[in-house]
file structure_31.csv (CSV, C-alpha atoms (C1' of nucleotides))
chain,number,residue,atom,x,y,z
A,1,MET,CA,3.5,259.4,88.3
A,2,GLU,CA,5.9,257.3,86.4
A,3,PHE,CA,7.4,254.0,87.5
A,4,ILE,CA,10.4,254.2,85.3
A,5,ARG,CA,12.5,257.3,86.0
A,6,ARG,CA,14.6,259.2,83.5
A,7,ASN,CA,17.9,257.7,84.5
A,8,THR,CA,16.5,254.2,84.3
A,9,ASP,CA,15.2,254.9,80.9
A,10,TYR,CA,18.6,256.2,79.9
A,11,ALA,CA,20.2,253.0,81.3
A,12,LEU,CA,17.9,250.7,79.3
A,13,ARG,CA,18.5,252.6,76.1
A,14,ALA,CA,22.3,252.9,76.5
A,15,LEU,CA,22.7,249.2,77.4
A,16,SER,CA,20.5,248.0,74.6
A,17,TYR,CA,22.5,250.2,72.2
A,18,MET,CA,25.6,248.4,73.4
A,19,ALA,CA,24.0,245.0,73.2
A,20,ALA,CA,23.3,245.6,69.6
A,21,HIS,CA,27.0,245.7,68.8
A,22,PRO,CA,29.6,242.9,68.9
A,23,VAL,CA,30.3,241.5,72.4
A,24,GLY,CA,33.4,242.9,74.1
A,25,LYS,CA,33.4,246.2,72.3
A,26,ILE,CA,34.4,249.2,74.4
A,27,PHE,CA,32.2,252.3,74.1
A,28,SER,CA,33.1,255.8,75.3
A,29,VAL,CA,30.4,257.6,77.2
A,30,ALA,CA,30.5,260.2,74.5
A,31,GLU,CA,29.6,257.8,71.8
A,32,VAL,CA,26.7,256.3,73.6
A,33,ALA,CA,25.5,259.6,74.8
A,34,GLN,CA,25.4,261.0,71.3
A,35,ALA,CA,23.8,258.0,69.8
A,36,GLU,CA,21.0,257.9,72.4
A,37,GLN,CA,20.7,261.7,73.0
A,38,ILE,CA,21.6,261.5,76.7
A,39,PRO,CA,23.6,264.2,78.7
A,40,GLN,CA,27.1,262.9,78.8
A,41,GLY,CA,27.9,263.6,82.5
A,42,PHE,CA,24.7,262.1,83.6
A,43,LEU,CA,25.2,259.0,81.6
A,44,ARG,CA,28.6,258.6,83.1
A,45,LYS,CA,27.2,258.6,86.5
A,46,ILE,CA,24.6,256.0,85.5
A,47,PHE,CA,27.4,253.8,84.2
A,48,GLN,CA,29.1,254.1,87.5
A,49,LYS,CA,26.2,252.4,89.2
A,50,LEU,CA,26.0,249.8,86.5
A,51,ALA,CA,29.7,249.1,86.9
A,52,ARG,CA,29.3,248.5,90.7
A,53,ALA,CA,26.5,246.1,89.9
A,54,ASP,CA,28.7,244.2,87.4
A,55,ILE,CA,26.5,245.0,84.5
A,56,VAL,CA,29.3,246.8,82.7
A,57,VAL,CA,33.1,246.9,83.1
A,58,THR,CA,35.1,250.1,83.0
A,59,HIS,CA,38.4,250.9,81.3
A,60,ARG,CA,40.0,254.2,82.2
A,61,GLY,CA,42.3,256.4,80.1
A,62,PRO,CA,42.4,257.2,76.4
A,63,ARG,CA,40.7,254.5,74.3
A,64,GLY,CA,38.9,253.5,77.5
A,65,GLY,CA,35.2,253.4,78.2
A,66,PHE,CA,32.6,250.8,79.1
A,67,ALA,CA,31.8,247.4,77.9
A,68,LEU,CA,29.0,244.9,78.8
A,69,ALA,CA,30.2,242.7,81.6
A,70,ARG,CA,28.0,239.7,80.6
A,71,ASP,CA,26.1,238.2,77.8
A,72,PRO,CA,23.2,240.4,76.9
A,73,GLY,CA,20.9,237.4,77.2
A,74,ASP,CA,21.8,237.1,80.8
A,75,VAL,CA,21.0,240.6,81.9
A,76,THR,CA,17.4,241.3,82.8
A,77,ALA,CA,15.5,244.6,82.8
A,78,ARG,CA,14.6,243.9,86.4
A,79,GLU,CA,18.3,243.9,87.4
A,80,ILE,CA,18.9,247.2,85.6
A,81,VAL,CA,15.8,248.9,87.1
A,82,GLU,CA,16.7,247.8,90.6
A,83,THR,CA,20.3,248.8,90.2
A,84,ILE,CA,19.3,252.3,89.2
A,85,GLN,CA,16.3,253.0,91.3
A,86,GLY,CA,16.5,250.5,94.1
A,87,PRO,CA,14.1,247.8,95.2
A,88,ILE,CA,10.7,247.7,93.5
A,89,ALA,CA,7.8,248.3,95.9
A,90,VAL,CA,4.3,249.2,94.8
A,91,ASN,CA,3.7,250.7,98.3
A,92,ARG,CA,6.0,251.5,101.1
A,93,CYS,CA,4.6,248.6,103.2
A,94,LEU,CA,6.1,246.2,100.7
A,95,LEU,CA,9.6,247.2,101.6
A,96,GLY,CA,9.3,245.4,104.9
A,97,ARG,CA,7.4,244.8,108.1
A,98,ASP,CA,8.8,248.0,109.7
A,99,ALA,CA,7.6,250.4,107.1
A,100,CYS,CA,4.0,250.3,108.3
A,101,GLU,CA,2.7,249.7,111.7
A,102,ARG,CA,-0.5,248.2,110.3
A,103,TRP,CA,1.5,245.5,108.5
A,104,ASP,CA,-0.4,242.6,110.2
A,105,THR,CA,-3.9,243.9,109.8
A,106,CYS,CA,-3.8,245.6,106.5
A,107,ARG,CA,-5.4,243.3,103.9
A,108,LEU,CA,-4.9,245.6,101.0
A,109,ARG,CA,-1.2,244.7,101.2
A,110,THR,CA,-2.1,241.3,99.6
A,111,GLY,CA,-3.4,243.1,96.6
A,112,TRP,CA,-0.3,245.3,96.2
A,113,ILE,CA,1.8,242.2,96.3
A,114,GLY,CA,-0.1,240.8,93.4
A,115,ILE,CA,0.5,243.7,91.0
A,116,GLN,CA,4.1,244.0,92.2
A,117,GLU,CA,4.8,240.4,91.3
A,118,GLY,CA,3.2,241.0,87.9
A,119,PHE,CA,5.4,244.0,87.3
A,120,VAL,CA,8.6,242.2,88.4
A,121,ALA,CA,7.8,239.1,86.3
A,122,PHE,CA,7.5,241.3,83.2
A,123,LEU,CA,10.8,242.9,83.8
A,124,GLU,CA,12.4,239.5,84.4
A,125,GLY,CA,11.2,238.4,81.0
A,126,VAL,CA,13.0,241.3,79.3
A,127,THR,CA,16.7,240.9,78.6
A,128,LEU,CA,19.2,243.2,77.0
A,129,LYS,CA,19.3,240.8,74.1
A,130,SER,CA,15.6,241.1,73.5
A,131,LEU,CA,15.8,244.8,73.8
A,132,ALA,CA,18.6,245.0,71.2
A,133,ASP,CA,16.6,242.8,68.9
A,134,LEU,CA,13.7,245.2,69.2
A,135,GLN,CA,15.9,248.0,68.0
A,136,TYR,CA,16.3,246.2,64.7
A,137,GLY,CA,12.6,245.6,64.4
A,138,SER,CA,12.8,241.9,64.7
A,139,PRO,CA,9.3,240.4,64.5
A,140,GLY,CA,7.2,239.6,67.6
A,141,GLY,CA,8.2,242.4,69.9
A,142,ILE,CA,8.0,241.9,73.6
A,143,THR,CA,5.3,239.6,74.7
A,144,GLY,CA,7.1,238.0,77.6
A,145,THR,CA,5.1,237.7,80.8
A,146,VAL,CA,2.5,240.4,80.2
A,147,PRO,CA,-0.7,239.4,81.9
A,148,PRO,CA,-3.1,237.8,79.4
A,149,GLU,CA,-6.0,240.1,80.0
A,150,SER,CA,-4.0,243.2,79.2
A,151,ARG,CA,-2.8,242.1,75.7
B,152,MET,CA,10.9,253.3,94.3
B,153,GLU,CA,7.3,253.3,95.3
B,154,PHE,CA,4.3,253.6,93.0
B,155,ILE,CA,1.9,254.7,95.8
B,156,ARG,CA,3.0,257.9,97.5
B,157,ARG,CA,2.5,258.9,101.0
B,158,ASN,CA,-0.4,261.2,100.4
B,159,THR,CA,-2.2,258.6,98.2
B,160,ASP,CA,-1.8,256.1,101.0
B,161,TYR,CA,-3.2,258.6,103.4
B,162,ALA,CA,-6.2,259.2,101.1
B,163,LEU,CA,-7.0,255.5,100.7
B,164,ARG,CA,-6.8,255.0,104.5
B,165,ALA,CA,-8.9,258.1,105.3
B,166,LEU,CA,-11.6,257.3,102.8
B,167,SER,CA,-11.9,253.7,103.8
B,168,TYR,CA,-12.2,254.8,107.4
B,169,MET,CA,-15.1,257.0,106.3
B,170,ALA,CA,-16.6,254.3,104.2
B,171,ALA,CA,-16.7,252.0,107.2
B,172,HIS,CA,-19.3,254.4,108.8
B,173,PRO,CA,-22.9,255.2,108.0
B,174,VAL,CA,-23.4,257.0,104.7
B,175,GLY,CA,-23.7,260.8,104.9
B,176,LYS,CA,-21.8,261.2,108.2
B,177,ILE,CA,-19.7,264.3,108.3
B,178,PHE,CA,-16.2,263.9,109.7
B,179,SER,CA,-13.9,266.6,110.8
B,180,VAL,CA,-10.3,266.4,109.5
B,181,ALA,CA,-9.2,266.2,113.2
B,182,GLU,CA,-11.2,263.0,113.8
B,183,VAL,CA,-10.0,261.1,110.7
B,184,ALA,CA,-6.4,262.4,111.2
B,185,GLN,CA,-6.3,261.0,114.7
B,186,ALA,CA,-7.9,257.7,113.8
B,187,GLU,CA,-5.5,257.0,111.0
B,188,GLN,CA,-2.4,258.8,112.4
B,189,ILE,CA,-2.1,261.3,109.6
B,190,PRO,CA,-0.8,264.9,110.0
B,191,GLN,CA,-3.9,267.1,110.2
B,192,GLY,CA,-2.9,269.9,107.9
B,193,PHE,CA,-1.6,267.5,105.3
B,194,LEU,CA,-4.8,265.5,105.4
B,195,ARG,CA,-6.9,268.7,104.9
B,196,LYS,CA,-4.9,269.4,101.8
B,197,ILE,CA,-5.5,265.9,100.5
B,198,PHE,CA,-9.2,266.3,101.1
B,199,GLN,CA,-9.2,269.5,99.1
B,200,LYS,CA,-8.1,267.5,96.1
B,201,LEU,CA,-10.7,264.8,96.8
B,202,ALA,CA,-13.3,267.5,97.0
B,203,ARG,CA,-12.5,269.0,93.6
B,204,ALA,CA,-12.8,265.5,92.2
B,205,ASP,CA,-16.2,265.0,93.7
B,206,ILE,CA,-15.1,262.2,95.9
B,207,VAL,CA,-16.0,264.0,99.1
B,208,VAL,CA,-18.2,267.1,99.8
B,209,THR,CA,-17.1,269.8,102.2
B,210,HIS,CA,-19.1,271.7,104.9
B,211,ARG,CA,-17.4,274.8,106.3
B,212,GLY,CA,-17.8,276.3,109.7
B,213,PRO,CA,-18.4,274.7,113.2
B,214,ARG,CA,-19.9,271.2,113.0
B,215,GLY,CA,-18.5,271.1,109.4
B,216,GLY,CA,-16.1,268.7,107.8
B,217,PHE,CA,-16.1,266.2,105.0
B,218,ALA,CA,-18.4,263.5,103.9
B,219,LEU,CA,-18.3,260.9,101.1
B,220,ALA,CA,-19.9,262.4,98.0
B,221,ARG,CA,-21.0,259.0,96.6
B,222,ASP,CA,-21.7,255.4,97.5
B,223,PRO,CA,-18.5,253.7,98.6
B,224,GLY,CA,-19.1,250.9,96.1
B,225,ASP,CA,-18.9,253.5,93.2
B,226,VAL,CA,-15.5,255.0,94.1
B,227,THR,CA,-12.6,253.0,92.7
B,228,ALA,CA,-9.0,253.1,94.0
B,229,ARG,CA,-8.0,254.0,90.5
B,230,GLU,CA,-10.0,257.2,90.7
B,231,ILE,CA,-8.4,258.1,94.1
B,232,VAL,CA,-4.9,257.3,93.0
B,233,GLU,CA,-5.2,259.4,89.8
B,234,THR,CA,-6.8,262.3,91.7
B,235,ILE,CA,-3.9,262.5,94.1
B,236,GLN,CA,-0.9,261.7,92.0
B,237,GLY,CA,-2.1,262.3,88.5
B,238,PRO,CA,-2.3,260.0,85.4
B,239,ILE,CA,-0.8,256.6,85.8
B,240,ALA,CA,2.1,256.0,83.5
B,241,VAL,CA,4.7,253.2,83.8
B,242,ASN,CA,7.1,255.2,81.6
B,243,ARG,CA,7.0,258.8,80.4
B,244,CYS,CA,6.4,257.7,76.9
B,245,LEU,CA,3.0,256.5,77.9
B,246,LEU,CA,1.8,260.0,78.7
B,247,GLY,CA,1.6,260.8,75.1
B,248,ARG,CA,3.3,260.8,71.7
B,249,ASP,CA,5.1,264.1,72.5
B,250,ALA,CA,6.9,262.8,75.6
B,251,CYS,CA,9.4,260.8,73.6
B,252,GLU,CA,10.8,261.4,70.1
B,253,ARG,CA,11.2,257.7,69.6
B,254,TRP,CA,7.5,257.0,70.1
B,255,ASP,CA,7.1,255.4,66.7
B,256,THR,CA,10.1,253.2,66.6
B,257,CYS,CA,10.4,252.1,70.3
B,258,ARG,CA,8.9,248.6,70.6
B,259,LEU,CA,9.5,248.4,74.3
B,260,ARG,CA,6.5,250.7,74.7
B,261,THR,CA,4.2,247.8,73.9
B,262,GLY,CA,5.5,246.0,77.0
B,263,TRP,CA,5.1,249.0,79.2
B,264,ILE,CA,1.5,249.3,78.1
B,265,GLY,CA,0.8,245.7,79.1
B,266,ILE,CA,1.9,246.1,82.7
B,267,GLN,CA,0.3,249.5,83.0
B,268,GLU,CA,-3.0,248.0,82.0
B,269,GLY,CA,-2.6,245.3,84.5
B,270,PHE,CA,-2.0,247.8,87.2
B,271,VAL,CA,-4.9,250.0,86.3
B,272,ALA,CA,-7.2,247.0,86.1
B,273,PHE,CA,-6.3,246.0,89.6
B,274,LEU,CA,-7.1,249.5,90.9
B,275,GLU,CA,-10.3,249.5,89.0
B,276,GLY,CA,-11.4,246.4,90.9
B,277,VAL,CA,-10.9,247.9,94.3
B,278,THR,CA,-13.6,250.1,95.7
B,279,LEU,CA,-14.0,252.0,98.9
B,280,LYS,CA,-16.6,249.5,99.9
B,281,SER,CA,-14.2,246.6,99.5
B,282,LEU,CA,-11.5,248.5,101.3
B,283,ALA,CA,-13.8,249.2,104.2
B,284,ASP,CA,-14.9,245.6,104.4
B,285,LEU,CA,-11.3,244.6,104.6
B,286,GLN,CA,-10.8,246.7,107.7
B,287,TYR,CA,-13.4,244.6,109.4
B,288,GLY,CA,-11.6,241.4,108.2
B,289,SER,CA,-14.4,240.1,106.0
B,290,PRO,CA,-13.3,236.9,104.3
B,291,GLY,CA,-11.8,236.7,100.9
B,292,GLY,CA,-9.6,239.8,100.9
B,293,ILE,CA,-8.8,241.6,97.7
B,294,THR,CA,-8.4,239.3,94.7
B,295,GLY,CA,-9.9,241.5,92.1
B,296,THR,CA,-8.1,241.4,88.7
B,297,VAL,CA,-4.7,240.4,89.8
B,298,PRO,CA,-3.0,238.6,86.9
B,299,PRO,CA,-3.4,234.8,87.4
B,300,GLU,CA,0.3,234.0,87.3
B,301,SER,CA,1.1,236.3,90.2
B,302,ARG,CA,-1.4,234.8,92.7
C,303,DG,C1',60.7,258.0,80.1
C,304,DG,C1',57.7,262.4,80.3
C,305,DG,C1',54.0,265.1,79.0
C,306,DA,C1',49.7,266.0,76.5
C,307,DA,C1',45.2,264.3,75.7
C,308,DA,C1',41.3,261.3,76.3
C,309,DT,C1',38.8,259.1,79.4
C,310,DA,C1',36.2,257.6,83.8
C,311,DG,C1',35.5,258.8,89.1
C,312,DG,C1',33.0,261.1,92.1
C,313,DA,C1',32.0,265.5,94.7
C,314,DC,C1',29.2,269.1,94.1
C,315,DT,C1',25.0,272.1,92.5
C,316,DA,C1',20.5,273.0,90.6
C,317,DA,C1',15.8,271.9,89.8
C,318,DA,C1',11.7,269.7,90.7
C,319,DA,C1',8.6,267.0,93.4
C,320,DT,C1',6.9,265.8,97.8
C,321,DA,C1',5.6,266.6,102.4
C,322,DG,C1',4.1,269.5,105.8
C,323,DT,C1',2.8,274.2,108.3
C,324,DC,C1',0.3,278.2,109.2
C,325,DC,C1',-2.3,282.2,108.4
C,326,DT,C1',-7.0,283.6,106.3
C,327,DG,C1',-11.9,283.1,105.4
C,328,DT,C1',-16.5,281.2,106.4
C,329,DA,C1',-20.4,279.8,108.9
C,330,DA,C1',-22.8,278.0,113.1
C,331,DG,C1',-24.6,278.8,117.5
C,332,DG,C1',-25.0,281.2,121.8
D,333,DC,C1',-23.3,290.0,116.4
D,334,DC,C1',-19.4,288.0,118.3
D,335,DT,C1',-16.9,283.9,119.4
D,336,DT,C1',-15.4,279.6,118.0
D,337,DA,C1',-14.9,275.6,115.1
D,338,DC,C1',-13.9,274.4,111.1
D,339,DA,C1',-12.0,274.2,105.8
D,340,DG,C1',-9.3,277.0,102.1
D,341,DG,C1',-5.2,277.7,100.3
D,342,DA,C1',-0.7,280.3,100.2
D,343,DC,C1',3.6,279.4,101.9
D,344,DT,C1',7.9,276.8,103.6
D,345,DA,C1',10.8,272.8,104.3
D,346,DT,C1',12.6,268.5,103.0
D,347,DT,C1',13.8,265.0,100.0
D,348,DT,C1',14.5,263.2,95.6
D,349,DT,C1',16.0,263.6,91.0
D,350,DA,C1',18.7,265.5,87.4
D,351,DG,C1',22.7,267.4,85.9
D,352,DT,C1',27.6,269.7,86.0
D,353,DC,C1',32.4,270.1,86.7
D,354,DC,C1',36.7,269.4,88.7
D,355,DT,C1',40.1,265.4,89.8
D,356,DA,C1',42.4,261.2,89.0
D,357,DT,C1',44.0,257.6,85.8
D,358,DT,C1',45.9,255.6,81.7
D,359,DT,C1',47.4,255.6,77.0
D,360,DC,C1',50.0,257.2,73.3
D,361,DC,C1',53.2,260.1,71.1
D,362,DC,C1',57.6,262.4,71.1
call {"tool": "encode", "arguments": {"input": "structure_31.csv", "output": "C-alpha cells"}}
result
Amino acid sequence: MEFIRRNTDYALRALSYMAAHPVGKIFSVAEVAQAEQIPQGFLRKIFQKLARADIVVTHRGPRGGFALARDPGDVTAREIVETIQGPIAVNRCLLGRDACERWDTCRLRTGWIGIQEGFVAFLEGVTLKSLADLQYGSPGGITGTVPPESR
Amino acid sequence: MEFIRRNTDYALRALSYMAAHPVGKIFSVAEVAQAEQIPQGFLRKIFQKLARADIVVTHRGPRGGFALARDPGDVTAREIVETIQGPIAVNRCLLGRDACERWDTCRLRTGWIGIQEGFVAFLEGVTLKSLADLQYGSPGGITGTVPPESR
DNA sequence: GGGAAATAGGACTAAAATAGTCCTGTAAGG
DNA sequence: CCTTACAGGACTATTTTAGTCCTATTTCCC
C-alpha cells in the first residue's frame, strides 16, 4: 500500500529536474523522460495534468515543450500530489459527510483527521526549490514539518 | 487517494463490533455483516486473512463462526491494516533498497520516512479495545500519538 | 508560402489491484 | 447418518493505474 503513486513520483522527479535549471527554460518531454528514466508518453500525459493546474506552461511545435509556470519556491509538493492523484484522504469518510453514513457517530474519524493533517503539512513544507536543492546534495535535507517524534 | 481501503475499513469495523461484546463469543459472518452493513461473502474473505494472522479464530460447521483470538487491548490497528493491505509504505522506495535505483542519492526519502513513522505510530496507539470504547461514546476519543501540531 | 519534421494533445489499450460472488468442504445435531 | 449451518477458497467483475499510439499544431527550411 503506497500513498505516492508511480505517476506522482514521476511528476515530482520531473519537476525538480526542471527546477534545477535556469528559470524559463523549455524542456521537451524527451529530454526530461531520458534524464529521469520515465516512459515518454506517460510523462507527456502527466505534464498535461500539470499544465491544466498551471504548474507548467506548454509550447507546441518544434522547439516546443514545457516550462515551469511559476517560481520553484512557490510550488508545493502538496499541490503536485493533489493535481496528480486528487484530494488527499486517509479514509473515505474524510472526503465528505456523504461518503459514510456513520459520519456523525464514528469517533475514529477524529484520529484519521490528525494523521492526515500531519501528512498534508509535510507536503506543504516541501517546494520544488527545496527538492531541486536536494538533488545537488545541499546540506540539511528535508526537515520541514516532520513530526518531532518521528525524526 | 485513500490510505485506508474498503476492506480494511470493514475489518476495523467488524473487529471493533466484536470487541464490544464479551470475550470468547463466537460470531457468524452473517451477524457481523448485518450489524455493520458489509457484504457477507466479502467479509468472510476478510476474516480469512485475519484468521491467518491470528487475530481471529475460526469454528466451522453449524453454530460456528469467528471469535477474537486475543484480548482486544492487545490488537493494534497497525496490525489489522498491515494484515489486510500489506506493509505500509508512503512511497515505493520505502519498501526496500531494490524498489528504486536512486535509493542512495534521493534525499526526499528521508522526508517520506518521517511521515510514515508518524502514521504507523498513530496506528500503533489504536487498539481494538479503544475502538470498541469509542463505539459507546466513552469520553476522550482517540488522541493517541497524533503529532502535536496537527491537533 | 509550402512541406517536412518535431513536438504536445488526447483517445485508446493493457495490466494490475480491488471488490465481490458462488460453489465446495466440514462439522454439529437431530 | 443425513440434513443443515456454517467457513474455505477458487473464481469473476469492476475499477484504477499505467502505458501506447494516432492526431493536431507549430516551427523552420527550402
call {"tool": "residues_around", "arguments": {"input": "structure_31.csv", "residues": "DT359 (chain D)", "least_positions_apart": "4", "cutoff": "12 Å", "atoms": "all atoms listed in the file", "output": "list in words"}}
result
His59, Arg60, Gly61, Pro62, Arg63 and Gly64 of chain A; DG305, DA306, DA307, DA308 and DT309 of chain C
call {"tool": "residues_near_point", "arguments": {"input": "structure_31.csv", "point": "(-16.9, 253.6, 110.9)", "cutoff": "12 Å", "atoms": "all atoms listed in the file", "output": "list of chain:residue names"}}
result
B:Ala165, B:Leu166, B:Ser167, B:Tyr168, B:Met169, B:Ala170, B:Ala171, B:His172, B:Pro173, B:Val174, B:Gly175, B:Lys176, B:Ile177, B:Phe178, B:Glu182, B:Val183, B:Ala186, B:Glu187, B:Lys280, B:Ala283, B:Asp284, B:Gln286, B:Tyr287
call {"tool": "interface_residues", "arguments": {"input": "structure_31.csv", "of": "chain D", "to": "chain B", "cutoff": "9 Å", "atoms": "all atoms listed in the file", "output": "number ranges by chain"}}
result
D: 336-341
call {"tool": "interface_residues", "arguments": {"input": "structure_31.csv", "of": "chain C", "to": "chain B", "cutoff": "12 Å", "atoms": "only C-alpha atoms (C1' of nucleotides)", "output": "short mmCIF file (atom, residue, chain, number, x, y, z; two decimals) with C-alpha atoms (C1' of nucleotides), keeping the file's coordinate frame"}}
result
data_model
loop_
_atom_site.label_atom_id
_atom_site.label_comp_id
_atom_site.auth_asym_id
_atom_site.auth_seq_id
_atom_site.Cartn_x
_atom_site.Cartn_y
_atom_site.Cartn_z
"C1'" DA C 319 8.60 267.00 93.40
"C1'" DT C 320 6.90 265.80 97.80
"C1'" DA C 321 5.60 266.60 102.40
"C1'" DG C 322 4.10 269.50 105.80
"C1'" DT C 323 2.80 274.20 108.30
"C1'" DC C 324 0.30 278.20 109.20
"C1'" DG C 327 -11.90 283.10 105.40
"C1'" DT C 328 -16.50 281.20 106.40
"C1'" DA C 329 -20.40 279.80 108.90
"C1'" DA C 330 -22.80 278.00 113.10
"C1'" DG C 331 -24.60 278.80 117.50
#
call {"tool": "closest_residue", "arguments": {"input": "structure_31.csv", "among": "B:Leu279, B:Leu245, B:Ile197, B:Ile239", "to": "chain A", "atoms": "all atoms listed in the file"}}
result
B:Ile239
call {"tool": "closest_residue", "arguments": {"input": "structure_31.csv", "among": "A:Ala67, A:Arg78, A:Glu124, A:Phe3", "to": "Trp263 (chain B)", "atoms": "all atoms listed in the file"}}
result
A:Phe3
call {"tool": "build_atoms", "arguments": {"input": "structure_31.csv", "residues": "region 217-241 of chain B", "atoms": "N, CA and C atoms", "output": "PDB file, keeping the file's coordinate frame"}}
result
ATOM      1  N   PHE B 217     -15.994 266.875 106.293  1.00  0.00           N
ATOM      2  CA  PHE B 217     -16.100 266.200 105.000  1.00  0.00           C
ATOM      3  C   PHE B 217     -16.980 264.994 105.072  1.00  0.00           C
ATOM      4  N   ALA B 218     -17.684 264.723 103.980  1.00  0.00           N
ATOM      5  CA  ALA B 218     -18.400 263.500 103.900  1.00  0.00           C
ATOM      6  C   ALA B 218     -18.208 262.879 102.520  1.00  0.00           C
ATOM      7  N   LEU B 219     -18.364 261.574 102.422  1.00  0.00           N
ATOM      8  CA  LEU B 219     -18.300 260.900 101.100  1.00  0.00           C
ATOM      9  C   LEU B 219     -19.337 261.487 100.193  1.00  0.00           C
ATOM     10  N   ALA B 220     -18.972 261.774  98.969  1.00  0.00           N
ATOM     11  CA  ALA B 220     -19.900 262.400  98.000  1.00  0.00           C
ATOM     12  C   ALA B 220     -20.765 261.315  97.341  1.00  0.00           C
ATOM     13  N   ARG B 221     -20.275 260.068  97.348  1.00  0.00           N
ATOM     14  CA  ARG B 221     -21.000 259.000  96.600  1.00  0.00           C
ATOM     15  C   ARG B 221     -20.976 257.710  97.382  1.00  0.00           C
ATOM     16  N   ASP B 222     -21.673 256.767  96.848  1.00  0.00           N
ATOM     17  CA  ASP B 222     -21.700 255.400  97.500  1.00  0.00           C
ATOM     18  C   ASP B 222     -20.312 254.821  97.409  1.00  0.00           C
ATOM     19  N   PRO B 223     -19.842 254.271  98.519  1.00  0.00           N
ATOM     20  CA  PRO B 223     -18.500 253.700  98.600  1.00  0.00           C
ATOM     21  C   PRO B 223     -18.254 252.634  97.506  1.00  0.00           C
ATOM     22  N   GLY B 224     -19.296 251.970  97.088  1.00  0.00           N
ATOM     23  CA  GLY B 224     -19.100 250.900  96.100  1.00  0.00           C
ATOM     24  C   GLY B 224     -18.883 251.532  94.678  1.00  0.00           C
ATOM     25  N   ASP B 225     -19.108 252.852  94.550  1.00  0.00           N
ATOM     26  CA  ASP B 225     -18.900 253.500  93.200  1.00  0.00           C
ATOM     27  C   ASP B 225     -17.617 254.218  93.085  1.00  0.00           C
ATOM     28  N   VAL B 226     -16.813 254.240  94.147  1.00  0.00           N
ATOM     29  CA  VAL B 226     -15.500 255.000  94.100  1.00  0.00           C
ATOM     30  C   VAL B 226     -14.408 253.933  94.000  1.00  0.00           C
ATOM     31  N   THR B 227     -13.645 253.988  92.905  1.00  0.00           N
ATOM     32  CA  THR B 227     -12.600 253.000  92.700  1.00  0.00           C
ATOM     33  C   THR B 227     -11.229 253.584  93.214  1.00  0.00           C
ATOM     34  N   ALA B 228     -10.337 252.681  93.557  1.00  0.00           N
ATOM     35  CA  ALA B 228      -9.000 253.100  94.000  1.00  0.00           C
ATOM     36  C   ALA B 228      -8.278 253.788  92.829  1.00  0.00           C
ATOM     37  N   ARG B 229      -8.585 253.390  91.626  1.00  0.00           N
ATOM     38  CA  ARG B 229      -8.000 254.000  90.500  1.00  0.00           C
ATOM     39  C   ARG B 229      -8.259 255.538  90.485  1.00  0.00           C
ATOM     40  N   GLU B 230      -9.536 255.837  90.727  1.00  0.00           N
ATOM     41  CA  GLU B 230     -10.000 257.200  90.700  1.00  0.00           C
ATOM     42  C   GLU B 230      -9.215 258.014  91.819  1.00  0.00           C
ATOM     43  N   ILE B 231      -9.085 257.421  92.965  1.00  0.00           N
ATOM     44  CA  ILE B 231      -8.400 258.100  94.100  1.00  0.00           C
ATOM     45  C   ILE B 231      -6.941 258.304  93.772  1.00  0.00           C
ATOM     46  N   VAL B 232      -6.293 257.250  93.281  1.00  0.00           N
ATOM     47  CA  VAL B 232      -4.900 257.300  93.000  1.00  0.00           C
ATOM     48  C   VAL B 232      -4.630 258.434  91.923  1.00  0.00           C
ATOM     49  N   GLU B 233      -5.439 258.442  90.889  1.00  0.00           N
ATOM     50  CA  GLU B 233      -5.200 259.400  89.800  1.00  0.00           C
ATOM     51  C   GLU B 233      -5.562 260.846  90.293  1.00  0.00           C
ATOM     52  N   THR B 234      -6.509 260.951  91.196  1.00  0.00           N
ATOM     53  CA  THR B 234      -6.800 262.300  91.700  1.00  0.00           C
ATOM     54  C   THR B 234      -5.649 262.850  92.507  1.00  0.00           C
ATOM     55  N   ILE B 235      -5.006 262.005  93.268  1.00  0.00           N
ATOM     56  CA  ILE B 235      -3.900 262.500  94.100  1.00  0.00           C
ATOM     57  C   ILE B 235      -2.606 262.624  93.361  1.00  0.00           C
ATOM     58  N   GLN B 236      -2.236 261.617  92.599  1.00  0.00           N
ATOM     59  CA  GLN B 236      -0.900 261.700  92.000  1.00  0.00           C
ATOM     60  C   GLN B 236      -0.913 261.746  90.471  1.00  0.00           C
ATOM     61  N   GLY B 237      -2.035 262.108  89.893  1.00  0.00           N
ATOM     62  CA  GLY B 237      -2.100 262.300  88.500  1.00  0.00           C
ATOM     63  C   GLY B 237      -2.140 261.043  87.656  1.00  0.00           C
ATOM     64  N   PRO B 238      -2.127 261.169  86.329  1.00  0.00           N
ATOM     65  CA  PRO B 238      -2.300 260.000  85.400  1.00  0.00           C
ATOM     66  C   PRO B 238      -1.251 258.957  85.707  1.00  0.00           C
ATOM     67  N   ILE B 239      -1.658 257.718  85.632  1.00  0.00           N
ATOM     68  CA  ILE B 239      -0.800 256.600  85.800  1.00  0.00           C
ATOM     69  C   ILE B 239       0.000 256.321  84.546  1.00  0.00           C
ATOM     70  N   ALA B 240       1.329 256.303  84.634  1.00  0.00           N
ATOM     71  CA  ALA B 240       2.100 256.000  83.500  1.00  0.00           C
ATOM     72  C   ALA B 240       3.359 255.229  83.901  1.00  0.00           C
ATOM     73  N   VAL B 241       3.516 254.020  83.394  1.00  0.00           N
ATOM     74  CA  VAL B 241       4.700 253.200  83.800  1.00  0.00           C
ATOM     75  C   VAL B 241       5.946 253.969  83.323  1.00  0.00           C
TER      76      VAL B 241
END
